[in-house]
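Quick look at work-v1.txt (compact mmCIF, C-alpha atoms and all ligand atoms):
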# COMPACT_ATOMS: atom_id res chain seq x y z
CA MET A 1 0.00 0.00 0.00
CA HIS A 2 2.85 2.37 0.87
CA VAL A 3 0.50 4.97 2.35
CA GLY A 4 2.27 8.23 3.14
CA GLU A 5 1.52 10.97 5.60
CA GLU A 6 -1.27 13.34 4.63
CA GLY A 7 -0.04 15.42 1.66
CA GLU A 8 3.30 13.57 1.43
CA LYS A 9 4.69 13.26 -2.11
CA THR A 10 4.72 9.61 -3.17
CA PHE A 11 6.05 9.57 -6.77
CA ASP A 12 2.89 11.35 -7.96
CA VAL A 13 0.83 8.29 -7.10
CA ASP A 14 -2.29 8.82 -5.00
CA VAL A 15 -1.50 5.94 -2.66
CA ARG A 16 -4.37 6.73 -0.29
CA GLY A 17 -6.80 6.96 -3.21
CA ASN A 18 -5.50 3.68 -4.65
CA PHE A 19 -5.90 1.88 -1.35
CA LEU A 20 -9.45 3.20 -0.96
CA LYS A 21 -10.30 2.27 -4.55
CA ALA A 22 -9.12 -1.31 -3.94
CA LEU A 23 -11.07 -1.47 -0.68
CA ARG A 24 -14.25 -0.21 -2.38
CA THR A 25 -13.94 -2.84 -5.11
CA ILE A 26 -13.25 -5.64 -2.63
CA ARG A 27 -16.14 -4.46 -0.43
CA ASP A 28 -18.56 -4.82 -3.38
CA ASN A 29 -17.93 -8.56 -3.40
CA PRO A 30 -16.49 -9.21 0.03
CA PRO A 31 -14.31 -12.23 0.77
CA ASP A 32 -14.45 -14.21 4.02
CA HIS A 33 -11.16 -12.66 5.13
CA LEU A 34 -8.82 -9.91 3.99
CA VAL A 35 -5.05 -10.01 4.55
CA ILE A 36 -3.03 -6.80 4.33
CA SER A 37 0.39 -8.22 3.66
CA GLY A 38 2.91 -5.58 4.67
CA ASP A 39 4.34 -2.20 3.67
CA LEU A 40 1.26 -0.40 4.88
CA CYS A 41 3.45 2.70 5.26
CA TYR A 42 5.27 4.61 2.56
CA MET A 43 8.78 4.75 4.02
CA SER A 44 8.72 3.99 7.74
CA GLY A 45 6.13 2.85 10.25
CA ILE A 46 4.13 5.83 11.54
CA THR A 47 1.26 5.52 14.03
CA ARG A 48 -0.81 8.25 12.29
CA ILE A 49 -0.78 6.19 9.06
CA TYR A 50 -1.79 2.98 10.85
CA ASP A 51 -4.58 4.90 12.61
CA TRP A 52 -5.77 6.21 9.23
CA MET A 53 -5.85 2.66 7.84
CA ARG A 54 -7.71 1.42 10.89
CA ASP A 55 -10.33 4.14 10.33
CA GLN A 56 -10.71 3.21 6.64
CA LEU A 57 -11.18 -0.45 7.56
CA GLU A 58 -13.67 0.19 10.31
CA ASN A 59 -16.87 -1.79 9.66
CA PHE A 60 -15.23 -3.64 6.77
CA PRO A 61 -17.54 -6.57 5.99
CA CYS A 62 -15.01 -9.29 6.91
CA PRO A 63 -12.18 -9.84 9.41
CA VAL A 64 -8.91 -8.14 8.41
CA TRP A 65 -5.46 -9.60 9.21
CA TYR A 66 -2.13 -7.80 9.02
CA ILE A 67 1.56 -8.54 8.73
CA SER A 68 4.49 -6.13 8.60
CA GLY A 69 6.74 -5.32 5.68
CA ASN A 70 10.16 -3.71 5.60
CA HIS A 71 8.53 -0.25 5.62
CA ASP A 72 6.58 -1.02 8.80
CA ASP A 73 7.12 -0.91 12.53
CA SER A 74 5.51 -4.06 13.91
CA GLU A 75 4.93 -2.64 17.40
CA LYS A 76 3.25 0.54 16.14
CA LEU A 77 1.25 -1.43 13.57
CA ALA A 78 0.04 -3.95 16.16
CA LYS A 79 -0.88 -1.24 18.68
CA SER A 80 -2.89 0.79 16.16
CA LEU A 81 -4.62 -2.16 14.55
CA GLY A 82 -5.65 -4.09 17.66
CA LEU A 83 -3.06 -6.86 17.39
CA GLU A 84 -1.01 -5.95 20.45
CA HIS A 85 -1.85 -9.28 22.09
CA LEU A 86 -0.08 -11.07 19.20
CA LEU A 87 3.25 -9.25 19.60
CA ARG A 88 6.21 -11.40 20.62
CA GLY A 89 8.80 -8.90 21.77
CA LYS A 90 9.01 -6.41 18.93
CA GLU A 91 7.79 -8.92 16.34
CA LEU A 92 4.33 -9.70 15.06
CA TYR A 93 4.05 -13.36 14.05
CA TYR A 94 1.17 -15.67 14.79
CA GLU A 95 -0.96 -18.60 13.75
CA ALA A 96 -4.67 -18.07 13.10
CA THR A 97 -7.61 -20.11 11.87
CA LEU A 98 -9.49 -18.50 9.00
CA GLY A 99 -12.58 -20.46 8.11
CA ASP A 100 -11.48 -24.06 8.57
CA ARG A 101 -7.82 -23.56 7.63
CA SER A 102 -4.89 -22.69 9.82
CA PHE A 103 -2.56 -19.97 8.50
CA ILE A 104 0.87 -18.85 9.64
CA PHE A 105 1.68 -15.12 9.54
CA LEU A 106 5.37 -14.16 9.64
CA ASP A 107 7.20 -10.91 10.37
CA THR A 108 9.96 -9.89 7.93
CA SER A 109 10.02 -6.19 8.85
CA THR A 110 13.77 -6.47 9.57
CA TYR A 111 14.34 -7.93 6.07
CA GLU A 112 14.69 -11.38 7.56
CA VAL A 113 12.93 -14.06 9.55
CA SER A 114 14.65 -13.84 12.94
CA GLN A 115 16.18 -16.91 14.59
CA THR A 116 13.58 -16.75 17.41
CA GLN A 117 10.80 -16.68 14.84
CA GLN A 118 12.35 -19.55 12.88
CA GLN A 119 12.47 -21.61 16.07
CA TRP A 120 8.75 -20.93 16.66
CA LEU A 121 7.99 -21.82 13.04
CA ARG A 122 10.01 -25.06 13.16
CA GLU A 123 8.10 -26.15 16.27
CA ILE A 124 4.79 -25.54 14.51
CA LEU A 125 5.87 -27.33 11.34
CA GLN A 126 7.08 -30.35 13.32
CA LYS A 127 3.54 -30.83 14.62
CA ARG A 128 1.84 -30.24 11.25
CA THR A 129 1.09 -32.67 8.46
CA GLY A 130 -0.22 -31.93 4.98
CA THR A 131 -0.27 -28.54 3.32
CA VAL A 132 0.71 -25.39 5.20
CA ASP A 133 -0.31 -21.87 4.17
CA ILE A 134 1.91 -18.95 5.04
CA PHE A 135 1.64 -15.19 4.69
CA MET A 136 4.91 -13.26 4.72
CA HIS A 137 5.81 -9.95 3.12
CA HIS A 138 9.00 -11.10 1.34
CA PRO A 139 9.25 -14.11 -0.97
CA PRO A 140 11.34 -16.83 0.76
CA ALA A 141 13.40 -17.44 -2.43
CA LEU A 142 14.66 -15.55 -5.43
CA VAL A 143 11.86 -15.48 -7.99
CA GLY A 144 13.52 -14.40 -11.24
CA ALA A 145 12.76 -10.68 -11.08
CA PRO A 146 16.31 -9.28 -11.40
CA PHE A 147 15.92 -5.80 -9.90
CA MET A 148 14.27 -6.94 -6.67
CA ASP A 149 16.18 -10.25 -6.49
CA GLN A 150 19.49 -8.41 -6.67
CA LYS A 151 18.72 -5.27 -4.66
CA TYR A 152 16.02 -6.08 -2.11
CA PRO A 153 15.55 -9.81 -1.47
CA LEU A 154 14.80 -11.28 1.94
CA ARG A 155 18.29 -11.39 3.51
CA ASN A 156 17.97 -14.98 4.71
CA TRP A 157 15.94 -16.28 1.78
CA ALA A 158 18.28 -19.27 1.35
CA GLU A 159 17.76 -20.32 4.96
CA MET A 160 13.97 -19.92 4.68
CA LYS A 161 13.83 -21.70 1.34
CA ALA A 162 15.74 -24.65 2.86
CA LEU A 163 13.44 -24.65 5.89
CA PHE A 164 10.34 -24.88 3.67
CA LEU A 165 11.88 -27.47 1.31
CA ASP A 166 12.60 -29.62 4.37
CA TYR A 167 8.92 -29.75 5.29
CA PRO A 168 7.43 -33.09 4.18
CA GLY A 169 4.20 -31.55 2.78
CA GLU A 170 3.33 -28.76 0.38
CA VAL A 171 4.06 -25.18 1.47
CA PHE A 172 2.02 -22.34 -0.03
CA VAL A 173 3.50 -18.90 0.59
CA PHE A 174 1.59 -15.71 -0.18
CA CYS A 175 3.74 -12.60 -0.30
CA GLY A 176 4.20 -9.15 -1.82
CA HIS A 177 7.19 -6.78 -1.56
CA TYR A 178 8.35 -7.21 -5.17
CA HIS A 179 5.53 -5.15 -6.77
CA ILE A 180 5.00 -7.89 -9.36
CA GLU A 181 2.59 -10.68 -10.16
CA LYS A 182 4.40 -14.00 -10.24
CA ASN A 183 3.98 -17.64 -9.24
CA VAL A 184 7.06 -19.74 -8.54
CA HIS A 185 7.08 -23.47 -7.79
CA ILE A 186 10.20 -25.06 -6.31
CA LYS A 187 9.56 -28.72 -5.45
CA ASN A 188 7.05 -28.57 -2.56
CA LEU A 189 7.32 -24.79 -2.16
CA HIS A 190 4.74 -22.68 -4.01
CA ILE A 191 5.27 -18.92 -3.90
CA PHE A 192 2.58 -16.47 -5.01
CA VAL A 193 3.82 -12.90 -5.33
CA THR A 194 1.03 -10.35 -5.34
CA PRO A 195 1.19 -6.88 -6.93
CA SER A 196 0.95 -3.62 -5.05
CA THR A 197 -1.63 -0.85 -4.85
CA PHE A 198 1.29 1.60 -5.41
CA PHE A 199 2.86 0.65 -8.81
CA GLN A 200 4.30 -2.49 -10.39
CA ILE A 201 8.02 -3.01 -11.12
CA GLY A 202 9.42 -4.35 -14.41
CA GLN A 203 10.52 -7.98 -14.21
CA GLN A 204 12.94 -7.98 -17.14
CA SER A 205 15.67 -5.62 -16.04
CA ALA A 206 18.22 -5.38 -13.25
CA GLU A 207 17.57 -1.60 -13.30
CA PHE A 208 14.53 -0.07 -11.66
CA GLN A 209 11.65 0.37 -14.12
CA VAL A 210 7.98 0.99 -13.51
CA ASP A 211 6.07 -1.71 -15.33
CA HIS A 212 2.59 -0.20 -14.95
CA TYR A 213 0.33 1.71 -12.56
CA ARG A 214 -2.65 -0.62 -12.47
CA ILE A 215 -3.26 -1.60 -8.86
CA GLY A 216 -3.76 -5.20 -7.89
CA TRP A 217 -4.60 -7.68 -5.16
CA ARG A 218 -4.93 -11.44 -5.04
CA GLU A 219 -8.04 -13.48 -4.55
CA MET A 220 -7.59 -16.99 -3.12
CA VAL A 221 -10.34 -19.57 -3.03
CA TRP A 222 -10.09 -22.82 -1.11
CA THR A 223 -12.73 -25.47 -1.57
CA GLU A 224 -12.82 -28.99 -0.21
CA ASP A 225 -10.62 -30.43 -2.94
CA ALA A 226 -9.19 -27.43 -4.80
CA PHE A 227 -7.28 -24.19 -4.46
CA GLN A 228 -7.49 -21.42 -7.03
CA THR A 229 -6.01 -17.95 -7.13
CA THR A 230 -6.42 -14.94 -9.39
CA VAL A 231 -4.84 -11.50 -9.34
CA ARG A 232 -7.39 -8.73 -9.86
CA TYR A 233 -6.41 -5.35 -11.28
CA ILE A 234 -8.09 -1.97 -11.46
CA ASP A 235 -6.93 0.54 -14.08
FE FE B 301 8.49 -4.34 0.92

Please render this file's structure as structure tokens.
Amino acid sequence: MHVGEEGEKTFDVDVRGNFLKALRTIRDNPPDHLVISGDLCYMSGITRIYDWMRDQLENFPCPVWYISGNHDDSEKLAKSLGLEHLLRGKELYYEATLGDRSFIFLDTSTYEVSQTQQQWLREILQKRTGTVDIFMHHPPALVGAPFMDQKYPLRNWAEMKALFLDYPGEVFVFCGHYHIEKNVHIKNLHIFVTPSTFFQIGQQSAEFQVDHYRIGWREMVWTEDAFQTTVRYID
């Protein structure tokens, strides 16, 4: 989302307007749950911005879940958005049941999954069987988008990739950060990168290029025997 302070210049993109436009569209056909997957704030985590988001999402027709991105402050985010009880130290990571599925929400606001968090995750995965579904802001592997892969990947992506490849079942990871739409499948690890409501980044070049300004989000549908996912865009 990259929402700035009121009146702050954000590359001539109306980030607040974009976020509200996406919310209005989603509200017209509301899902069972909405996950806001990090980088709520433009540059750094600011309570006033989290408070503004909370106000916009008041009375939203479904439960809303949050994780932090590298432009967030997990403590401020959690305090503003009513998730203070889920903080572990300065980090916001938790497990939650949405519908009849259990999801794991990770905190990569420091550009990595901390050792403490990895320990917590390993303990959960040891007890789990079958498919696990994870929300984290950064992809846990390089995904073939040269600019972001080279300049801004998750610092310990190799460690996280190995952790997920070690799991005996399928691992579905839903993330953002790269400002692209991309699906990557590495053995049992399935990574779905979701576009931004700010702008999308070119996937061909190692230099920064804006790909386009259509704003997007991802719809995921789980049924008894199937999973399907589609990225929706608004011009
Ligand atoms: Fe990010």

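For ligand FE 301 (chain B), the protein and nucleic acid residues at most 6 Å away, judged by all atoms listed in the file, amount to Asp39, Gly69, Asn70 and His177 of chain A.
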
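Taking only C-alpha atoms, the non-local environment of Leu189 in chain A within 7 Å (same-chain residues fewer than 3 positions away omitted) comprises Phe164, Leu165, Glu170, Val171, Phe172, His185 and Ile186 of chain A.
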
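Counting from CA of Gly82 in chain A, the distance to CA of Glu8 in chain A is 25.6 Å.
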
Nearest to Arg232 in chain A among A:His85, A:Arg122, A:Arg218, A:His2, with distances taken over all atoms listed in the file: which residue is it? A:Arg218

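Using all atoms listed in the file for every distance, the candidate list A:Ser205, A:Asn156, A:Ser102, A:Gln200 yields A:Gln200 as the residue closest to Trp217 in chain A.
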
Assuming the input is short of atoms at range 188-205 of chain A, produce N, CA and C atoms for that part as a compact mmCIF listing (two decimals), in the coordinates of the input.
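Okay, this is what ended up in part-v7.txt:
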# COMPACT_ATOMS: atom_id res chain seq x y z
N ASN A 188 8.29 -28.67 -3.34
CA ASN A 188 7.05 -28.57 -2.56
C ASN A 188 6.70 -27.14 -2.15
N LEU A 189 7.52 -26.18 -2.59
CA LEU A 189 7.32 -24.79 -2.16
C LEU A 189 6.67 -23.98 -3.28
N HIS A 190 5.51 -23.42 -3.00
CA HIS A 190 4.74 -22.68 -4.01
C HIS A 190 4.60 -21.24 -3.56
N ILE A 191 5.21 -20.33 -4.31
CA ILE A 191 5.27 -18.92 -3.90
C ILE A 191 4.38 -18.10 -4.83
N PHE A 192 3.48 -17.33 -4.24
CA PHE A 192 2.58 -16.47 -5.01
C PHE A 192 2.88 -15.03 -4.65
N VAL A 193 3.47 -14.30 -5.58
CA VAL A 193 3.82 -12.90 -5.33
C VAL A 193 2.69 -12.03 -5.86
N THR A 194 2.21 -11.15 -5.01
CA THR A 194 1.03 -10.35 -5.34
C THR A 194 1.43 -8.90 -5.60
N PRO A 195 0.85 -8.29 -6.64
CA PRO A 195 1.19 -6.88 -6.93
C PRO A 195 0.75 -5.91 -5.84
N SER A 196 1.13 -4.68 -6.05
CA SER A 196 0.95 -3.62 -5.05
C SER A 196 -0.24 -2.73 -5.43
N THR A 197 -0.68 -1.91 -4.49
CA THR A 197 -1.63 -0.85 -4.85
C THR A 197 -0.88 0.47 -5.06
N PHE A 198 0.47 0.40 -5.17
CA PHE A 198 1.29 1.60 -5.41
C PHE A 198 1.62 1.65 -6.92
N PHE A 199 2.54 0.81 -7.38
CA PHE A 199 2.86 0.65 -8.81
C PHE A 199 3.56 -0.70 -8.94
N GLN A 200 3.65 -1.20 -10.17
CA GLN A 200 4.30 -2.49 -10.39
C GLN A 200 5.68 -2.26 -11.01
N ILE A 201 6.62 -3.15 -10.68
CA ILE A 201 8.02 -3.01 -11.12
C ILE A 201 8.29 -3.99 -12.27
N GLY A 202 9.05 -3.51 -13.26
CA GLY A 202 9.42 -4.35 -14.41
C GLY A 202 10.19 -5.59 -13.97
N GLN A 203 9.90 -6.71 -14.61
CA GLN A 203 10.52 -7.98 -14.21
C GLN A 203 11.65 -8.40 -15.13
N GLN A 204 11.95 -7.57 -16.15
CA GLN A 204 12.94 -7.98 -17.14
C GLN A 204 14.34 -7.46 -16.84
N SER A 205 14.41 -6.34 -16.12
CA SER A 205 15.67 -5.62 -16.04
C SER A 205 16.24 -5.62 -14.63
